[in-house]
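Q: Sharing start23.csv here; it has CSV, C-alpha atoms.
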```
chain,number,residue,atom,x,y,z
A,1,MET,CA,-45.3,25.1,-90.0
A,2,SER,CA,-44.9,27.9,-92.5
A,3,LEU,CA,-42.6,27.7,-95.4
A,4,ARG,CA,-40.1,30.3,-96.6
A,5,GLN,CA,-38.7,30.5,-100.1
A,6,LEU,CA,-34.9,30.6,-100.0
A,7,GLU,CA,-32.8,31.5,-103.0
A,8,LEU,CA,-29.6,29.4,-102.7
A,9,ASP,CA,-26.7,30.4,-104.8
A,10,VAL,CA,-24.5,27.3,-104.7
A,11,MET,CA,-20.9,27.1,-106.0
A,12,ARG,CA,-20.6,24.2,-108.4
A,13,TYR,CA,-17.4,22.6,-109.8
A,14,ASP,CA,-17.2,19.5,-111.8
A,15,PRO,CA,-13.5,18.7,-112.4
A,16,GLU,CA,-14.4,16.7,-115.5
A,17,GLN,CA,-16.4,19.4,-117.2
A,18,ASP,CA,-15.8,22.8,-115.7
A,19,GLU,CA,-12.7,25.0,-116.3
A,20,ALA,CA,-13.6,27.0,-113.2
A,21,PRO,CA,-16.3,27.0,-110.5
A,22,ARG,CA,-19.7,28.5,-111.3
A,23,PHE,CA,-22.8,29.4,-109.4
A,24,GLN,CA,-26.1,27.6,-109.7
A,25,GLN,CA,-29.3,28.9,-108.2
A,26,TYR,CA,-31.9,26.7,-106.4
A,27,THR,CA,-35.2,27.9,-104.9
A,28,VAL,CA,-35.8,25.9,-101.8
A,29,PRO,CA,-39.0,25.9,-99.8
A,30,CYS,CA,-37.6,25.9,-96.2
A,31,GLU,CA,-39.3,25.3,-92.9
A,32,GLU,CA,-38.6,28.0,-90.4
A,33,ASP,CA,-36.3,25.9,-88.2
A,34,TRP,CA,-34.1,24.7,-91.0
A,35,ALA,CA,-30.4,25.1,-91.1
A,36,ILE,CA,-28.5,25.7,-94.4
A,37,LEU,CA,-27.6,22.0,-94.3
A,38,ASP,CA,-31.3,21.1,-94.4
A,39,ALA,CA,-31.7,23.3,-97.4
A,40,LEU,CA,-28.8,21.6,-99.1
A,41,ASN,CA,-30.2,18.2,-98.3
A,42,TYR,CA,-33.5,19.3,-99.8
A,43,VAL,CA,-31.7,20.2,-103.0
A,44,LYS,CA,-29.9,16.9,-103.1
A,45,GLU,CA,-33.1,14.9,-102.5
A,46,ASN,CA,-35.6,16.8,-104.5
A,47,ILE,CA,-33.9,19.1,-107.1
A,48,ASP,CA,-30.4,18.0,-108.1
A,49,THR,CA,-28.9,14.7,-107.1
A,50,THR,CA,-25.5,15.6,-108.5
A,51,LEU,CA,-24.8,18.2,-105.8
A,52,SER,CA,-21.8,17.1,-103.7
A,53,TYR,CA,-21.1,18.2,-100.2
A,54,ARG,CA,-19.9,16.7,-96.9
A,55,TRP,CA,-22.0,16.2,-93.8
A,56,SER,CA,-22.6,13.5,-91.2
A,57,CYS,CA,-23.9,14.2,-87.8
A,58,HIS,CA,-26.1,17.4,-88.2
A,59,MET,CA,-25.4,18.2,-84.5
A,60,MET,CA,-22.2,20.2,-84.4
A,61,VAL,CA,-20.0,17.2,-83.5
A,62,CYS,CA,-18.5,15.8,-86.6
A,63,GLY,CA,-17.2,19.1,-88.1
A,64,SER,CA,-17.6,17.9,-91.7
A,65,CYS,CA,-20.3,20.4,-93.0
A,66,ALA,CA,-18.3,23.6,-92.7
A,67,MET,CA,-18.7,25.8,-95.8
A,68,MET,CA,-18.8,29.5,-96.6
A,69,VAL,CA,-22.3,30.9,-96.0
A,70,ASN,CA,-22.5,34.5,-97.4
A,71,GLY,CA,-18.8,34.7,-97.2
A,72,GLU,CA,-18.5,33.5,-93.6
A,73,PRO,CA,-16.9,30.2,-92.6
A,74,SER,CA,-19.8,28.4,-90.9
A,75,LEU,CA,-20.9,25.0,-89.8
A,76,THR,CA,-24.0,24.6,-92.1
A,77,CYS,CA,-25.8,22.5,-89.5
A,78,LYS,CA,-25.8,25.3,-87.0
A,79,THR,CA,-26.4,28.2,-89.4
A,80,PHE,CA,-30.1,28.7,-89.4
A,81,ILE,CA,-32.1,30.3,-92.2
A,82,ARG,CA,-34.1,32.4,-89.7
A,83,ASP,CA,-30.8,34.4,-89.1
A,84,LEU,CA,-30.2,34.9,-92.9
A,85,PRO,CA,-31.7,37.0,-95.7
A,86,ASP,CA,-33.8,35.4,-98.4
A,87,ARG,CA,-30.9,34.9,-100.7
A,88,VAL,CA,-27.9,32.9,-99.5
A,89,ARG,CA,-24.6,32.2,-101.1
A,90,VAL,CA,-23.0,28.8,-100.3
A,91,GLU,CA,-19.4,28.1,-101.3
A,92,PRO,CA,-16.8,25.6,-100.3
A,93,LEU,CA,-14.4,26.6,-97.6
A,94,GLU,CA,-12.0,29.4,-98.7
A,95,ASN,CA,-8.2,28.7,-98.8
A,96,PHE,CA,-8.7,25.0,-99.8
A,97,PRO,CA,-8.6,23.5,-103.3
A,98,ILE,CA,-12.1,22.4,-104.4
A,99,GLU,CA,-12.5,18.7,-105.1
A,100,ARG,CA,-16.0,19.0,-106.4
A,101,ASP,CA,-18.9,21.4,-105.7
A,102,LEU,CA,-18.8,22.1,-102.0
A,103,VAL,CA,-16.2,19.5,-101.1
A,104,VAL,CA,-12.7,20.7,-100.5
A,105,VAL,CA,-9.3,18.9,-100.4
A,106,LEU,CA,-8.2,18.6,-96.7
A,107,ASP,CA,-5.0,16.6,-97.2
A,108,ASP,CA,-2.8,19.5,-96.3
A,109,VAL,CA,-4.4,20.2,-92.9
A,110,MET,CA,-4.6,16.5,-92.1
A,111,GLU,CA,-0.9,16.3,-92.4
A,112,LYS,CA,-0.4,19.5,-90.3
A,113,LEU,CA,-2.6,18.2,-87.5
A,114,GLN,CA,-0.4,15.1,-87.3
A,115,ARG,CA,2.7,17.3,-87.2
A,116,ALA,CA,1.3,18.9,-84.0
A,117,LYS,CA,1.7,15.5,-82.3
A,118,PRO,CA,-1.7,15.6,-80.8
A,119,PHE,CA,-1.2,12.9,-78.2
A,120,ILE,CA,0.3,12.7,-74.7
A,121,ILE,CA,4.0,12.1,-74.9
A,122,ARG,CA,5.8,10.6,-71.8
A,123,LYS,CA,9.5,10.7,-71.3
A,124,ASP,CA,9.5,8.3,-68.4
A,125,ASP,CA,9.2,4.5,-68.5
A,126,PRO,CA,6.2,3.1,-70.3
A,127,PRO,CA,3.5,2.8,-67.6
A,128,ASP,CA,2.1,-0.5,-66.6
A,129,GLU,CA,-1.6,-1.1,-66.8
A,130,ASP,CA,-2.3,0.3,-63.3
A,131,THR,CA,-0.5,3.6,-63.8
A,132,GLU,CA,-2.7,6.6,-63.5
A,133,TYR,CA,-1.7,10.1,-64.3
A,134,VAL,CA,-3.9,12.1,-61.9
A,135,GLN,CA,-4.9,15.5,-63.1
A,136,SER,CA,-6.6,18.2,-60.9
A,137,ARG,CA,-9.6,20.1,-62.2
A,138,ALA,CA,-7.6,23.3,-62.2
A,139,ALA,CA,-5.0,21.7,-64.4
A,140,LEU,CA,-7.7,20.4,-66.8
A,141,HIS,CA,-9.3,23.9,-67.0
A,142,LYS,CA,-6.0,25.3,-68.3
A,143,PHE,CA,-6.5,23.6,-71.7
A,144,LYS,CA,-10.1,22.3,-71.7
A,145,GLN,CA,-11.4,24.8,-74.3
A,146,TYR,CA,-8.8,23.6,-76.8
A,147,THR,CA,-10.2,20.1,-76.6
A,148,MET,CA,-13.5,21.3,-78.1
A,149,CYS,CA,-12.0,21.5,-81.6
A,150,ILE,CA,-13.9,19.3,-84.1
A,151,ASN,CA,-11.5,19.9,-87.0
A,152,CYS,CA,-14.1,21.6,-89.1
A,153,MET,CA,-11.3,23.9,-90.5
A,154,ALA,CA,-13.5,27.0,-90.5
A,155,CYS,CA,-10.4,28.7,-88.8
A,156,TYR,CA,-8.2,27.9,-91.8
A,157,ALA,CA,-10.8,29.3,-94.2
A,158,ALA,CA,-10.9,32.5,-92.1
A,159,CYS,CA,-7.1,32.9,-91.8
A,160,PRO,CA,-5.6,35.2,-94.4
A,161,GLN,CA,-2.1,34.1,-93.5
A,162,TYR,CA,-2.9,30.5,-94.4
A,163,GLY,CA,-4.6,31.8,-97.6
A,164,LEU,CA,-1.5,33.8,-98.6
A,165,ASN,CA,1.0,31.3,-97.4
A,166,PRO,CA,-0.3,27.7,-97.4
A,167,SER,CA,2.8,26.4,-95.7
A,168,PHE,CA,1.8,28.2,-92.5
A,169,ILE,CA,0.9,25.4,-90.1
A,170,GLY,CA,-2.3,27.2,-89.2
A,171,PRO,CA,-4.7,27.8,-86.3
A,172,ALA,CA,-6.2,24.4,-85.5
A,173,ALA,CA,-2.9,22.5,-85.5
A,174,LEU,CA,-1.3,25.1,-83.3
A,175,ALA,CA,-4.2,25.2,-80.9
A,176,LEU,CA,-3.9,21.4,-80.7
A,177,ALA,CA,-0.2,21.5,-80.0
A,178,HIS,CA,-0.8,24.1,-77.3
A,179,ARG,CA,-3.5,21.9,-75.8
A,180,TYR,CA,-1.0,19.1,-75.3
A,181,ASN,CA,1.7,21.4,-74.2
A,182,LEU,CA,-0.6,22.7,-71.4
A,183,ASP,CA,-1.6,19.2,-70.3
A,184,SER,CA,0.0,18.5,-67.0
A,185,ARG,CA,0.3,14.8,-67.9
A,186,ASP,CA,2.3,15.5,-71.1
A,187,GLN,CA,6.1,15.7,-71.3
A,188,GLY,CA,6.4,16.3,-75.1
A,189,LYS,CA,6.8,20.0,-75.2
A,190,SER,CA,10.3,19.9,-76.6
A,191,GLU,CA,9.2,17.5,-79.4
A,192,ARG,CA,6.6,20.0,-80.5
A,193,LEU,CA,9.1,22.9,-80.5
A,194,ASP,CA,9.7,22.6,-84.2
A,195,ILE,CA,6.1,23.2,-85.1
A,196,LEU,CA,6.1,26.1,-82.7
A,197,ALA,CA,9.4,27.8,-83.6
A,198,ASP,CA,9.7,26.8,-87.2
A,199,HIS,CA,9.5,29.3,-90.0
A,200,ASP,CA,6.0,28.2,-90.8
A,201,GLY,CA,5.0,28.0,-87.1
A,202,VAL,CA,3.6,30.5,-84.7
A,203,TRP,CA,5.6,33.5,-86.1
A,204,ASP,CA,3.7,33.3,-89.4
A,205,CYS,CA,0.6,34.4,-87.5
A,206,SER,CA,0.0,38.1,-87.5
A,207,PHE,CA,-2.9,38.0,-85.0
A,208,VAL,CA,-5.8,38.8,-87.3
A,209,GLY,CA,-7.9,36.9,-84.8
A,210,ALA,CA,-10.4,35.8,-87.4
A,211,CYS,CA,-9.9,32.1,-86.5
A,212,SER,CA,-11.3,32.6,-83.0
A,213,GLU,CA,-14.2,34.7,-84.2
A,214,VAL,CA,-15.5,32.1,-86.7
A,215,CYS,CA,-14.9,29.0,-84.5
A,216,PRO,CA,-18.3,27.3,-84.1
A,217,LYS,CA,-17.1,25.6,-80.9
A,218,HIS,CA,-15.7,28.8,-79.3
A,219,VAL,CA,-12.2,27.5,-79.3
A,220,ASP,CA,-9.7,30.4,-79.3
A,221,PRO,CA,-6.7,29.4,-81.6
A,222,ALA,CA,-5.6,33.0,-81.8
A,223,ALA,CA,-5.0,33.0,-78.0
A,224,ALA,CA,-3.2,29.7,-78.2
A,225,ILE,CA,-0.8,31.0,-80.8
A,226,GLN,CA,-0.1,34.3,-78.9
A,227,GLN,CA,0.7,32.2,-75.8
A,228,MET,CA,2.9,30.0,-77.8
A,229,LYS,CA,4.8,33.0,-79.2
A,230,ILE,CA,5.5,34.1,-75.6
A,231,GLU,CA,6.6,30.5,-74.7
A,232,GLY,CA,8.7,30.3,-77.8
A,233,ALA,CA,10.5,33.6,-77.2
A,234,LYS,CA,11.1,32.5,-73.5
A,235,GLU,CA,12.6,29.2,-74.6
A,236,TRP,CA,14.8,30.9,-77.2
A,237,TRP,CA,16.3,33.3,-74.6
A,238,LEU,CA,16.7,30.5,-72.0
A,239,GLN,CA,18.6,28.4,-74.5
A,240,LYS,CA,20.8,31.4,-75.4
A,241,LEU,CA,21.5,32.4,-71.9
A,242,SER,CA,21.9,29.1,-70.1
A,243,PRO,CA,25.4,27.9,-69.6
A,244,GLY,CA,26.0,24.9,-72.0
A,245,GLY,CA,22.8,25.8,-73.9
A,246,ASP,CA,22.4,25.7,-77.6
A,247,LYS,CA,24.0,29.0,-78.9
A,248,SER,CA,23.2,28.4,-82.5
B,1,MET,CA,-12.8,9.6,-112.5
B,2,SER,CA,-10.0,12.1,-112.5
B,3,ARG,CA,-9.1,14.4,-109.8
B,4,GLN,CA,-8.5,18.0,-110.7
B,5,PRO,CA,-8.8,20.1,-107.6
B,6,TYR,CA,-9.5,23.8,-108.3
B,7,VAL,CA,-7.2,26.2,-106.4
B,8,ARG,CA,-8.5,29.7,-105.6
B,9,PRO,CA,-5.4,31.7,-104.7
B,10,MET,CA,-5.9,34.6,-102.4
B,11,PRO,CA,-5.4,37.9,-104.3
B,12,LYS,CA,-2.0,39.1,-103.0
B,13,SER,CA,-2.8,42.8,-103.2
B,14,THR,CA,-6.5,43.1,-102.5
B,15,TRP,CA,-7.2,40.3,-100.0
B,16,TYR,CA,-7.8,42.6,-97.1
B,17,MET,CA,-10.8,44.1,-98.9
B,18,ARG,CA,-12.6,40.7,-98.6
B,19,ASN,CA,-14.4,41.4,-95.4
B,20,LYS,CA,-14.7,43.8,-92.5
B,21,ARG,CA,-12.5,41.7,-90.2
B,22,TYR,CA,-9.6,41.9,-92.6
B,23,ARG,CA,-10.1,45.7,-93.1
B,24,VAL,CA,-10.1,46.3,-89.3
B,25,TYR,CA,-6.9,44.2,-89.1
B,26,ILE,CA,-5.2,46.1,-91.9
B,27,LEU,CA,-6.1,49.5,-90.3
B,28,ARG,CA,-4.4,48.2,-87.1
B,29,GLU,CA,-1.3,47.1,-89.1
B,30,ILE,CA,-0.8,50.2,-91.2
B,31,SER,CA,-0.7,52.3,-88.0
B,32,CYS,CA,3.0,51.2,-88.0
B,33,LEU,CA,3.5,53.8,-90.7
B,34,LEU,CA,2.3,56.5,-88.3
B,35,VAL,CA,4.5,55.0,-85.6
B,36,ALA,CA,7.5,55.1,-87.9
B,37,GLY,CA,6.7,58.7,-89.1
B,38,TYR,CA,6.3,59.9,-85.6
B,39,SER,CA,9.5,58.2,-84.4
B,40,GLY,CA,11.3,59.9,-87.2
B,41,LEU,CA,10.0,63.2,-86.1
B,42,MET,CA,11.0,62.6,-82.5
B,43,ILE,CA,14.5,61.6,-83.6
B,44,TYR,CA,14.7,64.7,-85.7
B,45,ALA,CA,13.5,66.8,-82.7
B,46,LEU,CA,16.3,65.2,-80.6
B,47,SER,CA,18.9,66.0,-83.2
B,48,VAL,CA,17.8,69.6,-83.3
B,49,LEU,CA,18.0,69.7,-79.5
B,50,ALA,CA,21.5,68.1,-79.7
B,51,THR,CA,22.8,71.0,-81.7
B,52,GLY,CA,22.4,73.1,-78.6
B,53,SER,CA,21.1,76.1,-80.5
B,54,PRO,CA,18.0,77.7,-78.9
B,55,ALA,CA,17.2,79.4,-82.2
B,56,ASP,CA,17.2,76.1,-84.1
B,57,TRP,CA,14.9,74.6,-81.5
B,58,GLN,CA,12.5,77.6,-81.6
B,59,ALA,CA,12.4,77.3,-85.4
B,60,PHE,CA,11.5,73.6,-85.1
B,61,VAL,CA,8.8,74.3,-82.5
B,62,ALA,CA,7.4,77.1,-84.7
B,63,ALA,CA,7.4,74.8,-87.7
B,64,GLN,CA,5.3,72.3,-85.8
B,65,LYS,CA,2.5,74.9,-85.5
B,66,ASN,CA,1.9,74.6,-89.3
B,67,PRO,CA,-1.8,73.7,-89.5
B,68,LEU,CA,-1.0,70.7,-91.7
B,69,LEU,CA,1.4,69.3,-89.1
B,70,VAL,CA,-1.0,70.0,-86.3
B,71,LEU,CA,-3.5,67.9,-88.2
B,72,VAL,CA,-1.0,65.1,-88.6
B,73,HIS,CA,-0.2,65.2,-84.9
B,74,ALA,CA,-4.0,65.2,-84.0
B,75,VAL,CA,-4.7,62.2,-86.3
B,76,ALA,CA,-1.7,60.3,-85.0
B,77,LEU,CA,-2.6,61.0,-81.4
B,78,ALA,CA,-6.3,59.9,-81.9
B,79,TYR,CA,-5.1,56.8,-83.7
B,80,PHE,CA,-2.7,55.8,-81.0
B,81,LEU,CA,-4.9,56.8,-78.0
B,82,PHE,CA,-8.1,55.3,-79.2
B,83,TYR,CA,-7.7,52.8,-82.0
B,84,GLN,CA,-4.3,51.2,-81.1
B,85,THR,CA,-4.9,51.2,-77.4
B,86,PHE,CA,-8.4,49.8,-77.8
B,87,ALA,CA,-7.3,47.2,-80.3
B,88,TRP,CA,-4.3,45.9,-78.3
B,89,PHE,CA,-5.8,46.1,-74.9
B,90,LYS,CA,-8.8,44.1,-76.2
B,91,LEU,CA,-6.3,41.4,-77.3
B,92,ALA,CA,-4.4,41.3,-74.1
B,93,PRO,CA,-6.4,38.6,-72.3
B,94,LYS,CA,-5.6,36.2,-75.2
B,95,ALA,CA,-1.9,36.5,-74.7
B,96,MET,CA,-2.2,36.7,-70.9
B,97,PRO,CA,-4.9,34.3,-69.6
B,98,LEU,CA,-5.1,34.3,-65.9
B,99,GLN,CA,-6.5,31.4,-64.0
B,100,ILE,CA,-7.3,31.4,-60.3
B,101,GLY,CA,-7.9,27.9,-59.1
B,102,GLU,CA,-10.4,26.4,-61.5
B,103,LYS,CA,-11.8,29.7,-62.7
B,104,ARG,CA,-10.5,31.7,-65.6
B,105,LEU,CA,-10.3,35.4,-64.7
B,106,PRO,CA,-12.8,37.1,-67.1
B,107,GLY,CA,-11.0,38.9,-70.0
B,108,GLY,CA,-12.7,42.1,-69.1
B,109,ILE,CA,-10.7,42.3,-65.8
B,110,VAL,CA,-7.4,41.9,-67.6
B,111,VAL,CA,-8.4,44.6,-70.1
B,112,ALA,CA,-9.6,46.9,-67.2
B,113,GLY,CA,-6.2,46.3,-65.5
B,114,HIS,CA,-4.4,47.6,-68.6
B,115,TYR,CA,-6.6,50.7,-68.7
B,116,VAL,CA,-5.9,51.4,-65.0
B,117,ALA,CA,-2.1,50.9,-65.5
B,118,TRP,CA,-2.3,53.2,-68.6
B,119,ILE,CA,-4.0,56.0,-66.7
B,120,VAL,CA,-1.7,55.7,-63.7
B,121,LEU,CA,1.4,55.7,-65.8
B,122,SER,CA,0.1,58.6,-67.9
B,123,ALA,CA,-0.6,60.6,-64.7
B,124,PHE,CA,2.9,59.8,-63.5
B,125,ILE,CA,4.5,61.0,-66.7
B,126,PHE,CA,2.4,64.2,-66.7
B,127,TRP,CA,3.5,64.7,-63.0
B,128,LEU,CA,7.1,64.2,-64.1
B,129,ALA,CA,6.7,66.7,-66.8
B,130,GLY,CA,5.2,69.2,-64.4
B,131,VAL,CA,1.8,69.3,-66.0
B,132,LEU,CA,-0.1,67.8,-63.1
```
Now that the file is in, can you turn its structure into structure tokens?

A:
Amino acid sequence: MSLRQLELDVMRYDPEQDEAPRFQQYTVPCEEDWAILDALNYVKENIDTTLSYRWSCHMMVCGSCAMMVNGEPSLTCKTFIRDLPDRVRVEPLENFPIERDLVVVLDDVMEKLQRAKPFIIRKDDPPDEDTEYVQSRAALHKFKQYTMCINCMACYAACPQYGLNPSFIGPAALALAHRYNLDSRDQGKSERLDILADHDGVWDCSFVGACSEVCPKHVDPAAAIQQMKIEGAKEWWLQKLSPGGDKS
Amino acid sequence: MSRQPYVRPMPKSTWYMRNKRYRVYILREISCLLVAGYSGLMIYALSVLATGSPADWQAFVAAQKNPLLVLVHAVALAYFLFYQTFAWFKLAPKAMPLQIGEKRLPGGIVVAGHYVAWIVLSAFIFWLAGVL
């Protein structure tokens, strides 16, 4: 198989030595079918063992290898060098603090994902072991695309609203909340109202739509958020208008 | 080993120049200035009409024939008709997903429905105005 020389400009940051991130260039002899992750692995194994980055599955499942490739949030295991020019810039995901080199600090989004209450909430009695909540295929298809999220956080790197205002709960967490709200087995919609209607919730989204465009798993968080805005506005009016409803 | 995460704040005034996606978005958003300007003009036109003076109204209409104002009208019309309509209709299927049974109705059909409604309503308004 023929080799191709790839010039990799990789952002480096050593918290113990560097004041600010810098770029380091590596020349990598790549095979034609390599992805950017393969090139990084080559650097790590053959050129510079100090390079830090996250990866695990190399098959678009784990979501840990997302980085900026030529300015675009990408899963590096599915970003192939055959689709790229001879010189490629690799940076850590935008909008996140850099821990070291290409590794970012994800604590903030981990907390936000939990706030979405991404699990089925039942209001009725706890089921016994034999209880089944039957779901039709049509009901499943209402939310199935949102279950494809692998938490790679490319959507947060693409979202200028999150970049400008890090308290915005953000695309993946909102899509996840929407996924459970749409689930016919779930009864926890009211418990997720705060994440929906809060100041940092859906109304911080101005529908740039970049989150959906960069998603490597074709999830559509922008759609989820717009649908939640409609739901939120409906709930608000219903509460205002219903007798005995919350008028605050 | 000490942790010293490096924060890269997004530049508050130039962030939208970062990529094409953001530039397209900001073009959509700044159209609100055109909407505001045009609304102001319409309100002013109404106030001139409300004076009940035909001479004032004729003067207002004549003023609109100024080449510069004609250009503003043309740019605003093109912006609304093509860019705004195109941008928002394209986004409609996201806010209004339609599912029939197990199948999601393709977004293109929702968009096409919007265009059909737009043409029908426009024709109706032209008919009301006596143009058609």

Q: Should the cut-off be 9 Å, what would the residue list for chain A against chain B look like, counting all atoms listed in the file, as a PyMOL selection string?

A: chain A and resi 13-16+19-21+71+94-100+104-105+137-142+160+163-164+207-210+220+222-230

Q: In Å, how far is it from atom CA of Cys152 of chain A to atom CA of Lys112 of chain A?

A: 13.9 Å

Q: Between atom CA of Val88 of chain A and atom CA of Ile36 of chain A, what distance in Å does the model show, to one decimal?

A: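 Interatomic distance here is 8.8 Å.
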
Q: Enter the distance from atom CA of Ser74 of chain A to atom CA of Val10 of chain A, in Å, rounded to one decimal.

A: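 These two atoms are separated by 14.6 Å.
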
Q: Excluding segment 193-205 of chain A and any residue of its chain fewer than 6 positions from it, enumerate the residues within 12 Å of it, using only C-alpha atoms, and give them as an MDAnalysis selection string.

A: chainID A and resid 112:118 156 159:178 180:181 211 221:236

Q: Given all atoms listed in the file as the basis, pick out the residue of A:Phe23, A:Trp237, A:Trp55, A:Phe80 nearest to Ala35 of chain A.

A: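 Of the candidates, the smallest distance to Ala35 of chain A is held by A:Phe80.
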
Q: Name the closest residue to Leu8 of chain A among the candidates A:Glu91, A:Glu132, A:Glu191, A:Glu72; distances are taken between atoms, counting only C-alpha atoms.

A: A:Glu91

Q: Any chance you could model N, CA and C atoms for segment 88-106 of chain B and send them as a PDB file, in the coordinates of the input?

A:
```pdb
ATOM      1  N   TRP B  88      -5.237  46.765 -78.993  1.00  0.00           N
ATOM      2  CA  TRP B  88      -4.300  45.900 -78.300  1.00  0.00           C
ATOM      3  C   TRP B  88      -4.695  45.518 -76.928  1.00  0.00           C
ATOM      4  N   PHE B  89      -5.329  46.446 -76.201  1.00  0.00           N
ATOM      5  CA  PHE B  89      -5.800  46.100 -74.900  1.00  0.00           C
ATOM      6  C   PHE B  89      -6.879  44.992 -74.959  1.00  0.00           C
ATOM      7  N   LYS B  90      -7.702  45.088 -76.000  1.00  0.00           N
ATOM      8  CA  LYS B  90      -8.800  44.100 -76.200  1.00  0.00           C
ATOM      9  C   LYS B  90      -8.153  42.694 -76.391  1.00  0.00           C
ATOM     10  N   LEU B  91      -6.965  42.664 -77.014  1.00  0.00           N
ATOM     11  CA  LEU B  91      -6.300  41.400 -77.300  1.00  0.00           C
ATOM     12  C   LEU B  91      -5.503  40.838 -76.150  1.00  0.00           C
ATOM     13  N   ALA B  92      -5.254  41.701 -75.166  1.00  0.00           N
ATOM     14  CA  ALA B  92      -4.400  41.300 -74.100  1.00  0.00           C
ATOM     15  C   ALA B  92      -4.770  40.017 -73.349  1.00  0.00           C
ATOM     16  N   PRO B  93      -6.068  39.817 -73.049  1.00  0.00           N
ATOM     17  CA  PRO B  93      -6.400  38.600 -72.300  1.00  0.00           C
ATOM     18  C   PRO B  93      -6.096  37.309 -73.072  1.00  0.00           C
ATOM     19  N   LYS B  94      -5.963  37.410 -74.391  1.00  0.00           N
ATOM     20  CA  LYS B  94      -5.600  36.200 -75.200  1.00  0.00           C
ATOM     21  C   LYS B  94      -4.198  35.782 -74.907  1.00  0.00           C
ATOM     22  N   ALA B  95      -3.306  36.780 -74.868  1.00  0.00           N
ATOM     23  CA  ALA B  95      -1.900  36.500 -74.700  1.00  0.00           C
ATOM     24  C   ALA B  95      -1.594  36.215 -73.183  1.00  0.00           C
ATOM     25  N   MET B  96      -2.433  36.770 -72.305  1.00  0.00           N
ATOM     26  CA  MET B  96      -2.200  36.700 -70.900  1.00  0.00           C
ATOM     27  C   MET B  96      -3.388  36.091 -70.124  1.00  0.00           C
ATOM     28  N   PRO B  97      -3.705  34.827 -70.351  1.00  0.00           N
ATOM     29  CA  PRO B  97      -4.900  34.300 -69.600  1.00  0.00           C
ATOM     30  C   PRO B  97      -4.514  34.078 -68.177  1.00  0.00           C
ATOM     31  N   LEU B  98      -5.383  34.491 -67.297  1.00  0.00           N
ATOM     32  CA  LEU B  98      -5.100  34.300 -65.900  1.00  0.00           C
ATOM     33  C   LEU B  98      -6.149  33.365 -65.294  1.00  0.00           C
ATOM     34  N   GLN B  99      -5.647  32.377 -64.587  1.00  0.00           N
ATOM     35  CA  GLN B  99      -6.500  31.400 -64.000  1.00  0.00           C
ATOM     36  C   GLN B  99      -6.303  31.366 -62.485  1.00  0.00           C
ATOM     37  N   ILE B 100      -7.386  31.492 -61.729  1.00  0.00           N
ATOM     38  CA  ILE B 100      -7.300  31.400 -60.300  1.00  0.00           C
ATOM     39  C   ILE B 100      -8.017  30.149 -59.858  1.00  0.00           C
ATOM     40  N   GLY B 101      -7.286  29.148 -59.384  1.00  0.00           N
ATOM     41  CA  GLY B 101      -7.900  27.900 -59.100  1.00  0.00           C
ATOM     42  C   GLY B 101      -8.476  27.267 -60.361  1.00  0.00           C
ATOM     43  N   GLU B 102      -9.759  26.944 -60.339  1.00  0.00           N
ATOM     44  CA  GLU B 102     -10.400  26.400 -61.500  1.00  0.00           C
ATOM     45  C   GLU B 102     -10.960  27.439 -62.443  1.00  0.00           C
ATOM     46  N   LYS B 103     -11.049  28.654 -61.935  1.00  0.00           N
ATOM     47  CA  LYS B 103     -11.800  29.700 -62.700  1.00  0.00           C
ATOM     48  C   LYS B 103     -10.815  30.556 -63.498  1.00  0.00           C
ATOM     49  N   ARG B 104     -11.196  30.769 -64.735  1.00  0.00           N
ATOM     50  CA  ARG B 104     -10.500  31.700 -65.600  1.00  0.00           C
ATOM     51  C   ARG B 104     -10.933  33.104 -65.251  1.00  0.00           C
ATOM     52  N   LEU B 105      -9.970  33.981 -64.984  1.00  0.00           N
ATOM     53  CA  LEU B 105     -10.300  35.400 -64.700  1.00  0.00           C
ATOM     54  C   LEU B 105     -10.939  35.966 -65.972  1.00  0.00           C
ATOM     55  N   PRO B 106     -12.135  36.589 -65.874  1.00  0.00           N
ATOM     56  CA  PRO B 106     -12.800  37.100 -67.100  1.00  0.00           C
ATOM     57  C   PRO B 106     -11.838  38.100 -67.806  1.00  0.00           C
TER      58      PRO B 106
END
```
